[in-house]
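Just data.cif here, mmCIF, C-alpha atoms:
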data_final
#
loop_
_atom_site.label_atom_id
_atom_site.label_comp_id
_atom_site.auth_asym_id
_atom_site.auth_seq_id
_atom_site.Cartn_x
_atom_site.Cartn_y
_atom_site.Cartn_z
CA MET O 1 -3.02 41.98 75.42
CA SER O 2 -3.00 43.98 72.22
CA GLU O 3 -1.11 42.65 69.27
CA PHE O 4 0.25 45.97 68.59
CA GLN O 5 2.65 47.21 71.26
CA GLU O 6 4.48 50.47 71.05
CA PRO O 7 8.20 50.01 70.74
CA ILE O 8 10.04 50.76 73.91
CA GLN O 9 12.35 53.81 73.45
CA HIS O 10 15.65 53.84 75.27
CA SER O 11 16.89 57.41 75.84
CA THR O 12 20.50 58.16 76.82
CA ALA O 13 21.19 61.44 78.72
CA GLU O 14 24.18 63.53 77.54
CA THR O 15 27.19 63.98 79.93
CA PRO O 16 27.03 67.42 81.53
CA ARG O 17 29.75 69.96 80.43
CA TRP O 18 30.81 70.69 83.97
CA VAL O 19 32.22 67.18 84.32
CA GLY O 20 34.67 67.84 81.50
CA LEU O 21 35.65 71.17 82.95
CA ALA O 22 36.23 69.55 86.32
CA VAL O 23 38.43 66.89 84.76
CA ALA O 24 40.43 69.53 82.89
CA LEU O 25 40.75 71.63 86.03
CA LEU O 26 41.98 68.64 88.02
CA GLY O 27 44.52 67.84 85.30
CA GLY O 28 45.79 71.43 85.39
CA VAL O 29 46.04 71.39 89.15
CA SER O 30 47.96 68.10 88.95
CA LEU O 31 50.41 69.59 86.45
CA VAL O 32 50.92 72.67 88.61
CA GLY O 33 51.49 70.41 91.64
CA VAL O 34 54.02 68.35 89.74
CA GLY O 35 55.81 71.54 88.61
CA LEU O 36 55.88 72.97 92.12
CA GLY O 37 57.13 69.65 93.49
CA TRP O 38 59.90 69.52 90.89
CA SER O 39 60.90 73.13 91.60
CA ALA O 40 60.90 72.48 95.36
CA MET O 41 63.01 69.37 94.87
CA ASN O 42 65.52 71.35 92.76
CA LYS O 43 65.68 74.10 95.38
CA ALA O 44 66.14 71.55 98.15
CA GLN O 45 68.92 69.88 96.19
CA GLY O 46 70.58 73.28 95.59
CA ILE O 47 70.32 74.16 99.27
CA GLN O 48 71.79 70.77 100.19
CA GLU O 49 74.71 71.22 97.78
CA ALA O 50 75.35 74.78 99.05
CA THR O 51 75.19 73.57 102.66
CA THR O 52 77.57 70.69 101.88
CA ALA O 53 80.03 73.06 100.19
CA SER O 54 79.83 75.53 103.09
CA VAL O 55 80.37 72.76 105.64
CA LYS O 56 83.35 71.44 103.64
CA GLN O 57 84.83 74.95 103.38
CA SER O 58 84.40 75.52 107.12
CA SER O 59 85.91 72.09 107.84
CA ASP O 60 88.92 72.85 105.61
CA ALA O 61 89.39 76.23 107.34
CA ILE O 62 89.24 74.57 110.76
CA GLN O 63 91.74 71.91 109.66
CA GLN O 64 94.12 74.60 108.38
CA ARG O 65 93.77 76.57 111.61
CA LEU O 66 94.40 73.45 113.70
CA ALA O 67 97.48 72.65 111.58
CA LYS O 68 98.76 76.22 112.02
CA GLU O 69 98.17 76.14 115.78
CA GLU O 70 99.92 72.75 115.97
CA GLU O 71 102.91 74.23 114.12
CA ILE O 72 102.96 77.22 116.50
CA ASN O 73 102.75 74.89 119.53
CA GLN O 74 105.67 72.83 118.22
CA GLN O 75 107.72 76.01 117.69
CA LEU O 76 106.89 77.22 121.20
CA GLU O 77 107.87 73.84 122.65
CA SER O 78 111.17 74.01 120.74
CA ASP O 79 111.87 77.57 121.96
CA LEU O 80 110.97 76.56 125.52
CA LYS O 81 113.40 73.63 125.35
CA VAL O 82 116.20 75.92 124.11
CA VAL O 83 115.54 78.44 126.91
CA THR O 84 115.39 75.64 129.50
CA ASP O 85 118.69 74.19 128.27
CA LYS O 86 120.29 77.66 128.44
CA LEU O 87 119.05 78.21 131.99
CA ASN O 88 120.31 74.80 133.09
CA LEU O 89 123.66 75.48 131.45
CA THR O 90 123.94 78.91 133.07
CA GLN O 91 123.13 77.45 136.49
CA THR O 92 125.78 74.77 136.03
CA GLN O 93 128.35 77.37 134.96
CA LEU O 94 127.49 79.54 137.96
CA VAL O 95 128.06 76.66 140.39
CA SER O 96 131.32 75.73 138.66
CA ALA O 97 132.52 79.36 138.67
CA ARG O 98 131.84 79.72 142.39
CA LYS O 99 133.74 76.52 143.12
CA ALA O 100 136.63 77.64 140.91
CA ASN O 101 136.68 81.08 142.56
CA LYS O 102 136.81 79.54 146.02
CA ALA O 103 139.54 77.11 144.97
CA THR O 104 141.56 79.93 143.38
CA SER O 105 141.38 82.04 146.54
CA VAL O 106 142.59 79.12 148.64
CA GLU O 107 145.42 78.43 146.20
CA VAL O 108 146.52 82.08 146.18
CA ASP O 109 146.59 82.15 149.98
CA LYS O 110 148.78 79.05 150.00
CA LYS O 111 151.18 80.58 147.47
CA LEU O 112 151.44 83.83 149.43
CA ASN O 113 152.14 81.98 152.66
CA GLY O 114 154.72 79.80 150.90
CA LEU O 115 156.47 82.81 149.33
CA GLU O 116 156.58 84.66 152.63
CA THR O 117 158.02 81.64 154.42
CA SER O 118 160.60 81.11 151.66
CA VAL O 119 161.73 84.77 151.76
CA ASN O 120 162.07 84.75 155.54
CA THR O 121 164.03 81.51 155.44
CA GLN O 122 166.39 82.78 152.76
CA LEU O 123 166.97 86.07 154.61
CA ALA O 124 167.79 84.20 157.82
CA THR O 125 170.26 81.83 156.17
CA LYS O 126 172.13 84.29 153.92
CA ALA O 127 175.10 85.82 155.78
CA ASN O 128 177.37 87.63 153.37
CA ALA O 129 176.67 90.79 151.39
CA ASP O 130 176.69 89.06 148.00
CA ASP O 131 174.01 86.63 149.07
CA VAL O 132 172.01 89.45 150.58
CA ASN O 133 172.24 91.49 147.36
CA LYS O 134 171.22 88.49 145.28
CA LEU O 135 168.42 87.75 147.65
CA GLY O 136 167.34 91.40 147.42
CA GLY O 137 166.76 90.93 143.70
CA ASP O 138 164.75 87.79 144.39
CA VAL O 139 162.74 89.67 146.99
CA ASP O 140 162.00 92.44 144.48
CA GLY O 141 160.74 89.85 142.00
CA VAL O 142 158.63 88.22 144.66
CA LYS O 143 157.27 91.63 145.66
CA THR O 144 156.28 92.33 142.05
CA ASP O 145 154.48 89.00 141.87
CA LEU O 146 152.79 89.74 145.16
CA ASP O 147 151.68 93.18 143.92
CA ALA O 148 150.20 91.66 140.77
CA THR O 149 148.44 88.99 142.81
CA LYS O 150 147.18 91.65 145.21
CA ASN O 151 145.81 93.70 142.32
CA ASN O 152 143.99 90.65 140.98
CA LEU O 153 142.54 89.94 144.41
CA GLN O 154 141.34 93.54 144.66
CA MET O 155 139.36 93.18 141.41
CA ALA O 156 135.74 92.32 141.96
CA ARG O 157 134.41 89.05 140.58
CA SER O 158 131.12 88.66 138.75
CA GLU O 159 128.55 86.02 139.61
CA MET O 160 129.99 84.01 136.68
CA GLY O 161 133.41 84.03 138.37
CA THR O 162 135.12 86.43 135.94
CA LEU O 163 137.31 89.32 137.14
CA ILE O 164 135.87 92.78 136.48
CA ALA O 165 138.39 95.37 135.28
CA ARG O 166 137.72 99.01 136.22
CA ASN O 167 140.24 100.78 133.96
CA HIS O 168 142.68 100.29 131.09
CA ASP O 169 145.52 99.03 133.32
CA GLU O 170 143.33 96.34 134.85
CA ILE O 171 142.09 95.35 131.39
CA ASP O 172 145.74 94.87 130.36
CA GLN O 173 146.29 92.69 133.43
CA LEU O 174 143.36 90.50 132.38
CA ARG O 175 144.74 90.31 128.83
CA ARG O 176 148.05 89.02 130.17
CA MET O 177 146.23 86.23 131.95
CA GLY O 178 145.33 84.95 128.46
CA GLN O 179 141.99 83.43 129.39
CA ARG O 180 139.74 85.74 127.32
CA ASP O 181 139.95 88.37 124.55
CA TYR O 182 139.18 92.00 125.44
CA TYR O 183 137.82 94.75 123.15
CA GLU O 184 137.88 98.27 124.59
CA PHE O 185 135.33 100.77 123.27
CA SER O 186 133.92 104.27 123.65
CA VAL O 187 130.43 104.88 122.16
CA THR O 188 128.59 108.16 121.68
CA ARG O 189 124.84 108.67 121.73
CA LYS O 190 124.69 110.72 118.53
CA ASN O 191 126.58 108.07 116.53
CA GLY O 192 123.92 105.39 116.99
CA ALA O 193 125.00 101.73 116.90
CA GLU O 194 128.80 101.22 116.79
CA ARG O 195 130.72 97.99 116.24
CA VAL O 196 132.55 96.39 119.18
CA GLY O 197 134.16 93.07 118.32
CA SER O 198 131.52 90.97 116.54
CA ILE O 199 128.51 92.88 117.98
CA MET O 200 126.97 96.35 117.73
CA VAL O 201 126.49 98.62 120.77
CA GLU O 202 124.18 101.65 120.89
CA LEU O 203 124.17 104.09 123.82
CA LYS O 204 120.55 105.13 124.50
CA ASP O 205 120.69 107.18 127.71
CA VAL O 206 123.06 108.28 130.52
CA ASN O 207 122.46 109.33 134.13
CA THR O 208 125.77 110.78 135.33
CA LYS O 209 124.45 111.55 138.83
CA LYS O 210 123.68 107.91 139.51
CA ASN O 211 126.50 106.55 137.31
CA GLN O 212 123.92 104.63 135.29
CA TYR O 213 123.29 104.12 131.59
CA THR O 214 120.90 102.44 129.16
CA ILE O 215 122.45 100.52 126.29
CA ASN O 216 121.19 98.45 123.35
CA VAL O 217 123.18 95.39 122.25
CA LEU O 218 122.75 93.94 118.73
CA ALA O 219 124.10 90.42 118.15
CA ASP O 220 123.12 87.58 115.78
CA ASP O 221 120.45 89.78 114.12
CA LYS O 222 118.79 90.23 117.51
CA SER O 223 118.80 93.18 119.88
CA PHE O 224 118.14 93.58 123.58
CA GLU O 225 118.10 96.71 125.73
CA LYS O 226 119.55 96.97 129.23
CA LYS O 227 118.08 99.88 131.16
CA ASN O 228 119.59 101.77 134.10
CA ARG O 229 122.67 99.55 134.46
CA SER O 230 125.39 100.69 136.85
CA VAL O 231 129.00 101.41 135.97
CA ASN O 232 131.27 98.32 136.37
CA GLU O 233 128.20 96.06 136.39
CA PRO O 234 128.76 93.23 133.84
CA ILE O 235 126.13 92.32 131.24
CA PHE O 236 126.24 88.67 130.13
CA PHE O 237 124.80 87.29 126.85
CA TYR O 238 125.38 84.48 124.35
CA THR O 239 126.07 84.61 120.59
CA GLY O 240 126.56 82.13 117.78
CA GLY O 241 125.53 79.12 119.87
CA SER O 242 128.50 79.61 122.21
CA LYS O 243 128.22 77.84 125.55
CA ALA O 244 130.39 80.47 127.23
CA ALA O 245 128.92 83.93 127.86
CA LEU O 246 130.24 87.20 126.47
CA GLU O 247 130.64 89.99 129.05
CA LEU O 248 130.05 93.71 128.45
CA VAL O 249 131.26 96.19 131.11
CA VAL O 250 130.96 100.00 131.06
CA ASN O 251 133.62 101.60 133.29
CA LYS O 252 132.88 105.29 132.76
CA VAL O 253 130.01 107.48 131.56
CA SER O 254 129.63 111.15 130.66
CA LYS O 255 126.66 113.11 129.37
CA THR O 256 127.10 111.79 125.84
CA THR O 257 129.52 108.84 125.97
CA ALA O 258 130.14 105.50 127.65
CA SER O 259 133.51 103.70 127.79
CA GLY O 260 134.31 100.14 128.74
CA TYR O 261 135.22 96.75 127.28
CA LEU O 262 133.79 93.58 125.77
CA SER O 263 135.16 90.29 127.14
CA VAL O 264 134.95 87.32 124.76
CA PRO O 265 135.82 83.67 125.55
CA LYS O 266 138.84 82.36 123.70
CA SER O 267 136.66 79.83 121.87
CA ALA O 268 134.67 82.70 120.35
CA GLY O 269 137.58 85.15 120.14
CA THR O 270 138.83 83.89 116.77
CA ALA O 271 135.46 84.47 115.12
CA SER O 272 135.21 87.94 116.68
CA ALA O 273 138.71 88.91 115.58
CA SER O 274 138.12 87.76 111.99
CA ALA O 275 134.87 89.72 111.89
CA SER O 276 136.18 92.99 113.26
CA GLY O 277 139.97 93.03 113.54
CA THR O 278 142.39 92.68 116.42
CA ALA O 279 141.35 93.71 119.95
CA GLN O 280 142.27 97.20 121.04
#

Hey, can you dump this file as structure tokens for me?
Amino acid sequence: MSEFQEPIQHSTAETPRWVGLAVALLGGVSLVGVGLGWSAMNKAQGIQEATTASVKQSSDAIQQRLAKEEEINQQLESDLKVVTDKLNLTQTQLVSARKANKATSVEVDKKLNGLETSVNTQLATKANADDVNKLGGDVDGVKTDLDATKNNLQMARSEMGTLIARNHDEIDQLRRMGQRDYYEFSVTRKNGAERVGSIMVELKDVNTKKNQYTINVLADDKSFEKKNRSVNEPIFFYTGGSKAALELVVNKVSKTTASGYLSVPKSAGTASASASGTAQ
């Protein structure tokens, strides 16, 4: 081996430029990815918040609607109970009126038979002229009572058991009985609504050939229309929480007017009189 050896040279190759560019490119891509991820996360969060707000708003609207419907249902149930109570009350009054009407007829028959028997007995036992003359006066009084009773019996009765007057004289007879207050009226189509007692009455139409009429009644800030009702046919309705019905009867119609009376229970008569004066 030679004493003189050439020194061994160690050469180091330079790193290629493309490696640096690749590293830079990868770093840029990473940054873009991070940015896109952050943006997507923000958008997702925004969408989630908007969805949550929309769901909450819809839920609140549904809750409000349910509360409103529940309030309406409670009101309907209350109205239904009131109507049911009224119907039950009317049915009870109808049964009571029929019983009272039947009992009254039986009582009147008994009184007539008793009066007739008493008159015949007195006529048979009175012998002298003075007694006969005195008895004649008694007989005249009895006859008057009988005529009044006969007139009452000839009046028709409504399904509520009330007597239906057909003219002014019969209305006066009912007044003398003292059971109800009576307000006579005559309304004209062109005048619109006119006051009768505590209510307003408006004549809408008249059919003189059929003796029918259409009338609108306004009471307690409410109105109801009765179409094609016949003359002397009673119309019943309630006002002011009264348990007894008011009765409206038209006795006569012409082309432009309708005449009749309003019958008010004594319990409601005071309020009617204070609102609109004394009955006609």

Report task. Could you tell me which residues the PyMOL selection byres ((chain O and resi 254-265) around 7) grabs in this file, written as a ChimeraX atom specification? Result -> /O:180-189,206,208,244,246-253,266-269

If the PyMOL selection byres ((chain O and resi 165) around 8) is run on the structure shown, which residues does it catch, given as a compact mmCIF listing (two decimals) with C-alpha atoms, in the coordinates of the input?
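Saved file expr_3.txt follows:
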# COMPACT_ATOMS: atom_id res chain seq x y z
CA MET O 155 139.36 93.18 141.41
CA ALA O 156 135.74 92.32 141.96
CA LEU O 163 137.31 89.32 137.14
CA ILE O 164 135.87 92.78 136.48
CA ARG O 166 137.72 99.01 136.22
CA ASN O 167 140.24 100.78 133.96
CA HIS O 168 142.68 100.29 131.09
CA GLU O 170 143.33 96.34 134.85
CA ILE O 171 142.09 95.35 131.39
CA LEU O 174 143.36 90.50 132.38
CA ASN O 232 131.27 98.32 136.37

Requested in this report: Skip Lys226 in chain O itself and residues of its chain fewer than 5 positions away, then list as a list in words all residues within 8 Å of it, counting all atoms listed in the file.
Outcome: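 Once the adjacent positions are removed, what remains is Thr214, Ile215 and Asn216 of chain O.
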
**Report entry** O:Arg175, O:Lys110, O:Arg98, O:Arg195 ranked by distance to Arg157 in chain O, top pick (using all atoms listed in the file)
**Finding:**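 Counting all atoms listed in the file, the residue closest to Arg157 in chain O is O:Arg98.
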
Query raised in the report: Expressed in Å to a single decimal, how great is the separation between CA of Ser230 in chain O and CA of Lys210 in chain O?
Result: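 Between these atoms lies a distance of 7.9 Å.
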
Query raised in the report: What is the distance, in Å and to one decimal place, between CA of Lys99 in chain O and CA of Leu80 in chain O?
Result: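 A separation of 28.8 Å between them.
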
Query raised in the report: Evaluating the PyMOL selection byres ((chain O and resi 222) around 12) on the displayed file yields which residues, as a ChimeraX atom specification?
Result: /O:199-201,216-221,223-225,237-240
